[in-house]
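Content type mmCIF, C-alpha atoms and all ligand atoms, from the file start_27.cif:
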data_entry
loop_
_atom_site.label_atom_id
_atom_site.label_comp_id
_atom_site.auth_asym_id
_atom_site.auth_seq_id
_atom_site.Cartn_x
_atom_site.Cartn_y
_atom_site.Cartn_z
CA MET A 1 0.00 0.00 0.00
CA PRO A 2 1.35 3.42 -0.91
CA THR A 3 1.77 5.88 1.95
CA PRO A 4 -0.48 8.93 1.84
CA LEU A 5 1.47 12.19 1.61
CA PHE A 6 -1.34 14.69 1.48
CA GLU A 7 -4.99 13.94 2.06
CA LEU A 8 -7.94 16.19 1.42
CA ARG A 9 -10.81 14.43 3.15
CA ASN A 10 -14.41 15.36 2.42
CA LEU A 11 -13.71 19.08 2.30
CA THR A 12 -16.62 21.46 2.32
CA LYS A 13 -16.24 25.22 2.37
CA ILE A 14 -19.15 27.54 2.98
CA TYR A 15 -18.16 31.20 3.03
CA GLY A 16 -19.76 33.52 5.47
CA GLY A 17 -20.84 30.87 7.93
CA GLY A 18 -22.82 32.22 10.87
CA LEU A 19 -26.56 32.54 10.53
CA LEU A 20 -26.47 32.55 6.76
CA GLY A 21 -24.29 29.49 6.69
CA ARG A 22 -27.09 27.00 6.35
CA GLN A 23 -28.70 28.73 3.44
CA ALA A 24 -25.49 29.62 1.68
CA SER A 25 -24.37 27.17 -0.95
CA ALA A 26 -21.00 25.52 -0.63
CA ALA A 27 -18.15 26.98 -2.66
CA LEU A 28 -16.67 23.50 -2.40
CA ASP A 29 -18.76 20.47 -1.53
CA ASN A 30 -17.39 17.22 -0.09
CA PHE A 31 -14.14 17.13 -2.03
CA SER A 32 -11.61 14.34 -1.47
CA LEU A 33 -8.20 13.70 -3.02
CA THR A 34 -5.01 11.93 -1.92
CA PHE A 35 -1.41 12.27 -3.04
CA TYR A 36 0.94 9.40 -2.19
CA GLU A 37 4.60 9.48 -1.11
CA GLU A 38 5.73 6.93 -3.68
CA GLU A 39 3.69 8.16 -6.65
CA PRO A 40 4.24 11.78 -7.61
CA LYS A 41 1.49 12.91 -9.95
CA ILE A 42 -0.03 15.94 -11.58
CA THR A 43 -3.69 16.26 -10.69
CA THR A 44 -5.80 18.77 -12.54
CA ILE A 45 -8.74 20.56 -11.02
CA ALA A 46 -10.74 21.85 -13.97
CA GLY A 47 -13.80 24.02 -13.98
CA GLU A 48 -15.20 27.27 -15.17
CA SER A 49 -14.95 30.50 -13.23
CA GLY A 50 -16.66 30.29 -9.84
CA SER A 51 -16.61 26.50 -9.66
CA GLY A 52 -14.52 26.48 -6.47
CA LYS A 53 -11.00 25.91 -7.80
CA SER A 54 -9.27 28.69 -5.86
CA THR A 55 -11.23 27.75 -2.77
CA LEU A 56 -9.71 24.29 -3.03
CA ALA A 57 -6.21 25.74 -3.60
CA ASN A 58 -6.53 28.03 -0.60
CA LEU A 59 -7.71 25.16 1.59
CA ALA A 60 -4.81 22.95 0.48
CA LEU A 61 -2.36 25.75 1.24
CA ASP A 62 -3.91 26.31 4.68
CA PHE A 63 -4.82 29.90 3.80
CA ILE A 64 -8.45 29.24 4.73
CA HIS A 65 -10.06 26.56 6.87
CA PRO A 66 -12.66 24.03 5.78
CA THR A 67 -16.19 24.29 7.13
CA GLU A 68 -16.20 20.51 7.22
CA GLY A 69 -13.61 17.86 6.49
CA GLN A 70 -9.96 17.34 7.20
CA ILE A 71 -6.61 18.09 5.63
CA VAL A 72 -3.83 15.73 6.59
CA TYR A 73 -0.16 16.10 5.65
CA LYS A 74 2.20 13.22 6.40
CA GLY A 75 -0.35 11.77 8.79
CA LYS A 76 -0.88 15.02 10.71
CA ASP A 77 -4.06 17.10 10.67
CA LEU A 78 -3.13 20.64 9.61
CA GLY A 79 -5.00 22.03 12.57
CA LYS A 80 -3.02 19.91 15.03
CA MET A 81 0.54 20.34 13.85
CA SER A 82 3.43 21.29 16.10
CA ARG A 83 5.47 24.37 15.19
CA THR A 84 8.13 22.22 13.55
CA GLU A 85 5.58 20.21 11.58
CA ARG A 86 3.89 23.39 10.39
CA PHE A 87 7.23 24.91 9.38
CA ASN A 88 7.95 21.76 7.43
CA PHE A 89 4.52 21.87 5.76
CA ARG A 90 5.07 25.50 4.76
CA ARG A 91 8.30 24.53 3.06
CA GLU A 92 7.15 21.32 1.40
CA VAL A 93 3.83 22.55 0.02
CA GLN A 94 4.43 25.51 -2.25
CA ALA A 95 2.16 27.81 -4.22
CA ILE A 96 2.35 29.33 -7.67
CA PHE A 97 -0.32 31.85 -8.59
CA GLN A 98 -1.77 33.25 -11.74
CA ASP A 99 -0.22 36.70 -11.65
CA PRO A 100 3.52 36.51 -11.10
CA PHE A 101 3.83 40.29 -11.09
CA GLY A 102 1.66 40.55 -8.03
CA THR A 103 4.13 38.51 -5.99
CA TYR A 104 7.14 40.73 -6.69
CA ASN A 105 8.17 43.88 -4.93
CA PRO A 106 8.86 46.27 -7.82
CA PHE A 107 11.55 48.09 -5.83
CA TYR A 108 13.70 45.03 -5.22
CA LYS A 109 15.82 43.10 -7.65
CA VAL A 110 14.49 39.61 -8.30
CA ASP A 111 17.43 38.23 -6.31
CA ALA A 112 15.45 39.22 -3.23
CA VAL A 113 12.85 36.56 -4.03
CA PHE A 114 15.50 33.90 -3.50
CA ASP A 115 17.38 35.56 -0.65
CA THR A 116 14.13 35.86 1.29
CA VAL A 117 13.19 32.19 1.15
CA ILE A 118 16.75 31.02 1.66
CA GLY A 119 16.92 33.16 4.78
CA LYS A 120 13.48 32.24 6.07
CA PHE A 121 14.01 28.51 5.70
CA LYS A 122 17.74 28.61 6.52
CA LEU A 123 18.68 26.79 3.34
CA ALA A 124 22.27 28.03 3.15
CA HIS A 125 25.15 28.74 5.52
CA SER A 126 26.87 31.37 3.43
CA LYS A 127 26.15 33.94 0.75
CA GLN A 128 28.09 31.83 -1.70
CA GLU A 129 26.06 28.75 -0.92
CA ALA A 130 22.85 30.78 -1.32
CA LEU A 131 23.97 31.98 -4.73
CA LYS A 132 24.80 28.44 -5.78
CA LEU A 133 21.30 27.26 -4.83
CA THR A 134 19.73 30.16 -6.70
CA TRP A 135 21.74 29.44 -9.84
CA ALA A 136 20.84 25.77 -9.76
CA ALA A 137 17.14 26.54 -9.34
CA LEU A 138 17.12 29.02 -12.21
CA GLU A 139 18.84 26.52 -14.46
CA VAL A 140 16.25 23.85 -13.64
CA VAL A 141 13.53 26.12 -15.02
CA GLY A 142 15.56 26.88 -18.14
CA LEU A 143 16.66 30.41 -17.26
CA ARG A 144 20.20 31.76 -17.57
CA PRO A 145 21.06 33.08 -14.10
CA ASN A 146 23.31 35.86 -15.37
CA GLU A 147 20.44 37.20 -17.49
CA ILE A 148 18.06 37.20 -14.55
CA LEU A 149 19.93 38.10 -11.38
CA GLY A 150 20.45 41.80 -10.79
CA LYS A 151 17.30 42.70 -12.72
CA TYR A 152 14.15 44.37 -11.49
CA PRO A 153 10.79 42.63 -12.03
CA HIS A 154 9.69 45.07 -14.75
CA GLN A 155 12.81 44.27 -16.77
CA LEU A 156 11.69 40.68 -17.21
CA SER A 157 8.92 39.15 -19.32
CA GLY A 158 5.80 37.61 -17.82
CA GLY A 159 7.05 34.16 -18.76
CA GLN A 160 10.41 34.80 -17.07
CA ARG A 161 8.71 36.09 -13.94
CA GLN A 162 6.51 33.03 -13.75
CA ARG A 163 9.49 30.72 -14.26
CA ILE A 164 11.28 32.50 -11.43
CA MET A 165 8.31 31.65 -9.23
CA VAL A 166 8.71 28.01 -10.23
CA ALA A 167 12.45 28.24 -9.45
CA ARG A 168 11.67 29.77 -6.07
CA ALA A 169 9.30 26.90 -5.26
CA PHE A 170 11.83 24.35 -6.51
CA LEU A 171 14.54 25.77 -4.27
CA LEU A 172 12.51 24.72 -1.25
CA LYS A 173 12.50 21.07 -2.33
CA PRO A 174 8.73 20.84 -2.09
CA ARG A 175 6.75 17.63 -2.25
CA LEU A 176 3.72 19.35 -3.72
CA ILE A 177 3.15 22.53 -5.69
CA VAL A 178 -0.32 24.04 -5.75
CA ALA A 179 -0.51 25.99 -8.99
CA ASP A 180 -3.67 28.10 -9.37
CA GLU A 181 -4.06 29.01 -13.05
CA PRO A 182 -0.29 29.42 -13.34
CA VAL A 183 -0.14 29.96 -17.09
CA SER A 184 -3.38 31.74 -17.83
CA MET A 185 -1.60 35.09 -18.10
CA VAL A 186 1.32 33.80 -20.13
CA ASP A 187 1.52 33.61 -23.95
CA ALA A 188 0.42 30.31 -25.42
CA SER A 189 3.93 29.47 -26.64
CA LEU A 190 5.38 29.97 -23.18
CA GLN A 191 2.55 28.06 -21.52
CA VAL A 192 3.85 24.88 -23.08
CA ARG A 193 7.37 25.51 -21.81
CA ILE A 194 6.25 26.19 -18.28
CA LEU A 195 4.01 23.14 -18.22
CA ASP A 196 6.89 21.05 -19.54
CA ILE A 197 8.90 22.24 -16.56
CA PHE A 198 6.14 20.98 -14.26
CA ARG A 199 6.36 17.59 -15.88
CA ASP A 200 10.14 17.59 -15.56
CA LEU A 201 9.85 18.45 -11.86
CA LYS A 202 7.45 15.58 -11.37
CA GLU A 203 9.48 13.04 -13.29
CA ASN A 204 12.97 14.00 -12.17
CA TYR A 205 12.42 15.46 -8.72
CA GLY A 206 9.31 13.63 -7.51
CA ILE A 207 7.28 16.80 -7.05
CA SER A 208 3.49 16.45 -7.27
CA PHE A 209 1.22 19.17 -8.57
CA LEU A 210 -2.29 20.29 -7.89
CA TYR A 211 -2.76 22.00 -11.23
CA ILE A 212 -5.75 24.30 -11.37
CA THR A 213 -7.07 25.45 -14.70
CA HIS A 214 -10.11 26.40 -16.72
CA ASP A 215 -8.35 25.07 -19.79
CA LEU A 216 -9.02 21.46 -20.68
CA SER A 217 -6.30 21.30 -23.31
CA THR A 218 -3.42 22.09 -20.93
CA ALA A 219 -4.93 19.65 -18.45
CA TYR A 220 -4.78 16.95 -21.10
CA GLN A 221 -1.23 17.93 -21.95
CA ILE A 222 0.33 17.48 -18.53
CA SER A 223 -1.82 15.79 -15.97
CA ASP A 224 -2.20 12.24 -14.79
CA ASP A 225 -5.69 12.58 -13.41
CA ILE A 226 -8.42 15.16 -13.45
CA TYR A 227 -11.36 16.34 -11.35
CA VAL A 228 -14.05 18.27 -13.17
CA LEU A 229 -15.73 20.71 -10.82
CA TYR A 230 -19.10 22.29 -11.37
CA SER A 231 -20.48 24.71 -8.82
CA GLY A 232 -18.31 23.26 -6.06
CA SER A 233 -19.03 19.59 -6.75
CA VAL A 234 -17.02 16.98 -8.62
CA MET A 235 -18.96 15.92 -11.71
CA GLU A 236 -16.39 13.46 -13.03
CA ASN A 237 -12.90 12.34 -12.14
CA GLY A 238 -10.34 9.82 -13.24
CA ASN A 239 -7.35 9.21 -15.44
CA VAL A 240 -7.05 12.26 -17.68
CA ASP A 241 -6.92 10.30 -20.94
CA ASP A 242 -10.04 8.35 -20.03
CA VAL A 243 -12.01 11.38 -18.91
CA ILE A 244 -11.17 13.50 -21.94
CA GLN A 245 -11.27 10.78 -24.59
CA ASP A 246 -14.34 9.13 -23.15
CA PRO A 247 -16.24 11.60 -20.95
CA HIS A 248 -19.29 10.15 -19.20
CA HIS A 249 -20.85 13.00 -17.26
CA PRO A 250 -23.08 15.20 -19.43
CA TYR A 251 -21.16 18.26 -18.20
CA THR A 252 -17.78 16.79 -19.14
CA GLN A 253 -19.25 15.74 -22.48
CA LEU A 254 -20.38 19.30 -23.06
CA LEU A 255 -16.95 20.67 -22.23
CA VAL A 256 -15.06 18.16 -24.31
CA SER A 257 -17.35 18.54 -27.31
CA SER A 258 -16.86 22.28 -27.21
CA ILE A 259 -13.10 21.98 -27.75
CA PRO A 260 -12.72 22.34 -31.52
CA VAL A 261 -10.23 19.71 -32.55
CA PRO A 262 -7.96 21.83 -34.75
CA ASP A 263 -7.52 24.52 -32.12
CA PRO A 264 -6.03 23.14 -28.92
CA ASP A 265 -5.79 26.63 -27.45
CA ILE A 266 -9.52 27.06 -27.06
CA ARG A 267 -10.53 28.14 -23.58
CA TRP A 268 -13.71 27.82 -21.60
CA GLU A 269 -13.38 31.03 -19.73
CA GLY A 270 -16.32 33.38 -20.00
CA ARG A 271 -18.54 30.87 -21.72
CA THR A 272 -20.92 30.13 -18.90
CA THR A 273 -19.63 32.19 -16.05
CA SER A 274 -22.77 34.11 -15.20
CA SER A 275 -25.16 31.21 -15.55
CA ALA A 276 -22.90 29.09 -13.36
CA SER A 277 -23.18 31.44 -10.41
CA GLU A 278 -26.94 31.87 -10.84
CA LEU A 279 -27.31 28.15 -10.76
CA THR A 280 -25.19 27.90 -7.65
CA VAL A 281 -28.05 29.69 -5.94
CA LYS A 282 -30.78 27.67 -7.63
CA ALA A 283 -29.07 24.41 -6.77
CA ALA A 284 -30.35 24.80 -3.24
CA ASN A 285 -32.82 22.21 -4.59
CA ASN A 286 -30.68 19.45 -3.01
CA GLY A 287 -30.26 17.66 -6.30
CA CYS A 288 -27.66 17.58 -9.00
CA LYS A 289 -26.15 21.02 -9.51
CA PHE A 290 -26.02 20.49 -13.25
CA TYR A 291 -29.74 19.67 -13.46
CA GLN A 292 -30.88 22.92 -15.08
CA ARG A 293 -28.39 22.64 -17.91
CA CYS A 294 -28.41 18.89 -18.37
CA PRO A 295 -29.76 17.42 -21.62
CA HIS A 296 -30.47 14.13 -19.79
CA ALA A 297 -32.13 15.62 -16.69
CA MET A 298 -34.48 13.19 -14.95
CA ASP A 299 -36.85 13.64 -12.04
CA ARG A 300 -34.66 11.78 -9.61
CA CYS A 301 -31.86 14.30 -10.28
CA THR A 302 -33.73 16.91 -8.23
CA VAL A 303 -34.16 14.71 -5.20
CA SER A 304 -30.60 14.16 -4.03
CA PRO A 305 -27.15 14.80 -5.47
CA PRO A 306 -25.94 11.78 -7.47
CA PRO A 307 -23.07 9.83 -5.92
CA ALA A 308 -19.95 9.03 -7.94
CA TYR A 309 -20.61 5.91 -10.01
CA PRO A 310 -17.72 3.94 -11.47
CA VAL A 311 -17.75 4.26 -15.26
CA GLY A 312 -14.31 2.82 -16.01
CA PRO A 313 -11.32 1.19 -14.33
CA SER A 314 -10.35 4.50 -12.72
CA GLN A 315 -13.12 6.83 -13.72
CA PHE A 316 -16.18 8.07 -11.85
CA ALA A 317 -19.16 10.14 -12.88
CA ALA A 318 -21.60 11.71 -10.45
CA CYS A 319 -24.62 11.06 -12.63
CA TYR A 320 -27.73 8.87 -12.33
CA LEU A 321 -27.31 7.83 -15.95
CA TYR A 322 -24.81 5.31 -14.62
CA ALA A 323 -26.79 4.16 -11.61
CA ASP A 324 -28.02 1.05 -13.40
CA THR A 325 -24.81 0.20 -15.21
CA GLN A 326 -22.78 0.37 -12.04
CA ALA A 327 -23.15 -3.29 -11.14
CA ALA A 328 -22.50 -4.39 -14.71
CA VAL A 329 -19.36 -2.34 -15.00
CA VAL A 330 -17.97 -3.64 -11.75
CA ALA A 331 -19.02 -7.26 -12.12
CA ILE A 332 -18.61 -8.05 -15.77
CA ASP A 333 -15.96 -6.12 -17.53
CA ARG A 334 -14.73 -3.06 -15.68
CA SER A 335 -14.17 -1.35 -18.99
CA PRO A 336 -17.29 0.19 -20.47
CA VAL A 337 -18.05 0.12 -24.17
CA GLY A 338 -16.07 2.74 -26.00
CA HIS A 339 -13.52 3.03 -23.25
CA VAL A 340 -10.11 3.88 -24.62
CA ALA A 341 -7.41 2.12 -22.66
CA SER A 342 -4.28 4.11 -22.01
P1 LIG B 401 -12.83 29.65 -9.08
O1 LIG B 401 -11.43 29.78 -8.57
O2 LIG B 401 -13.13 28.32 -9.69
O3 LIG B 401 -13.19 30.77 -10.02
P2 LIG B 401 -13.62 30.32 -6.36
O4 LIG B 401 -13.12 29.25 -5.48
O5 LIG B 401 -12.84 31.58 -6.39
O6 LIG B 401 -13.84 29.76 -7.84
O7 LIG B 401 -15.11 30.67 -5.95
C1 LIG B 401 -16.10 29.68 -5.73
C2 LIG B 401 -17.35 30.34 -5.17
O8 LIG B 401 -17.10 30.87 -3.88
C3 LIG B 401 -17.85 31.51 -6.00
O9 LIG B 401 -19.25 31.48 -6.00
C4 LIG B 401 -17.31 32.71 -5.27
O10 LIG B 401 -18.12 33.83 -5.48
C5 LIG B 401 -17.34 32.25 -3.83
N1 LIG B 401 -16.26 32.88 -3.03
C6 LIG B 401 -14.94 32.78 -3.27
N2 LIG B 401 -14.22 33.42 -2.34
C7 LIG B 401 -15.12 33.94 -1.47
C8 LIG B 401 -15.02 34.73 -0.27
N3 LIG B 401 -13.83 35.08 0.23
N4 LIG B 401 -16.16 35.06 0.35
C9 LIG B 401 -17.38 34.70 -0.14
N5 LIG B 401 -17.54 33.96 -1.26
C10 LIG B 401 -16.44 33.59 -1.92
MG MG B 402 -9.84 31.01 -9.15
#
Could you render the structure from this file as structure tokens?
Ligand code: ADP
Ligand code: MG
Amino acid sequence: MPTPLFELRNLTKIYGGGLLGRQASAALDNFSLTFYEEEPKITTIAGESGSGKSTLANLALDFIHPTEGQIVYKGKDLGKMSRTERFNFRREVQAIFQDPFGTYNPFYKVDAVFDTVIGKFKLAHSKQEALKLTWAALEVVGLRPNEILGKYPHQLSGGQRQRIMVARAFLLKPRLIVADEPVSMVDASLQVRILDIFRDLKENYGISFLYITHDLSTAYQISDDIYVLYSGSVMENGNVDDVIQDPHHPYTQLLVSSIPVPDPDIRWEGRTTSSASELTVKAANNGCKFYQRCPHAMDRCTVSPPPAYPVGPSQFAACYLYADTQAAVVAIDRSPVGHVAS
């Protein structure tokens, strides 16, 4: 049995809490995910704007606390860690955000980014050792240190600034990087390079990623598995090839069918943003949150939210369409018709 590294257990986040808490809908609803020590992986959280992706990232980074559920790192509940364990968690679970410019102080040379973390986490005993670490980290992300060090943030491109953030995270020898839309502000050509670096860090340094995106094509490009969020709930999850080549949930089918084949750069953003948040409110009907938009909507969908039914060897869809096939899939074949093995 692999050893769990990082466990998100049945996380629910309701903002506001208090008296309104019961009526308010959950920004994230009963979300679970585990990373294992021995199996570094890139897990994508995909969903349109407002689906709860950043809420999940902020929970995983311990920036906000779950309303319900538990977050466990190396066997320790985040809320019950000792000072040393917490310090260790802060080093080993790193964040990369969408806007790299926002994380720089414009008045300091970029060197300060590295000096600060090296100092805070006591990674070096001398200035020379610190510089050596910085150089090595910049080289890992494909930057030439002598073209980067000594510069101010505005003298670098957006792609360079984002790669510096990856180098900064790498320097800390993290086990997991939570990357919330890390390439959505970077040119398409540079997106590929940055995502390739993620894959390199996974394969050669054993670093796992929680990769958050609204872009199904980059998810397909780099991740091992995927969770499709809609209005705070997981609609479908599984191996990324299975889910994208053979989507089962009507929502995933809608998303996949709307990616025009010749243009892999197509994005979902903006498509359904406003209707998604309206429906978040309407979905107080206790049923499936996708009900109002679902071409297969049935009466039972309004009664209670569908559980995750197995639809493939490592694929689940939260949809009553699969309620009857569940037994067949498990007992007979385990690979549904049309399933593309990978
Ligand atoms: P995403 O990152 O997928 O766009 P978010 O996690 O930011 O989604 O938001 C999910 C839902 O939670 C949205 O309906 C959003 O309006 C709400 N939300 C996010 N942050 C807060 C907050 N600090 N207070 C109240 N509601 C919030
Ligand atoms: Mg977000």
Quick one: residues within 7 Å of ligand LIG 401 (chain B), with all atoms listed in the file, as a PyMOL selection string? chain A and resi 15-16+27+47-56+232+277
CA of Arg83 in chain A and CA of Lys173 in chain A are how many Å apart?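 Between CA of Arg83 in chain A and CA of Lys173 in chain A the gap is 19.2 Å.
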Just how far from CA of Thr44 in chain A is CA of Ile226 in chain A, in Å to one decimal? 4.6 Å
Nearest to Pro182 in chain A, restricted to only C-alpha atoms and choosing among A:Arg163, A:Arg168, A:Arg91, A:Lys76, comes out as A:Arg163
Among the residues A:Ser304, A:Ser223, A:Ser233, A:Gln315, the one that comes closest to Asp246 in chain A [using only C-alpha atoms]: A:Gln315
Calculate how many Å separate CA of Phe89 in chain A from CA of Glu139 in chain A, rounding to one decimal.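 CA of Glu139 in chain A lies 25.2 Å from CA of Phe89 in chain A.
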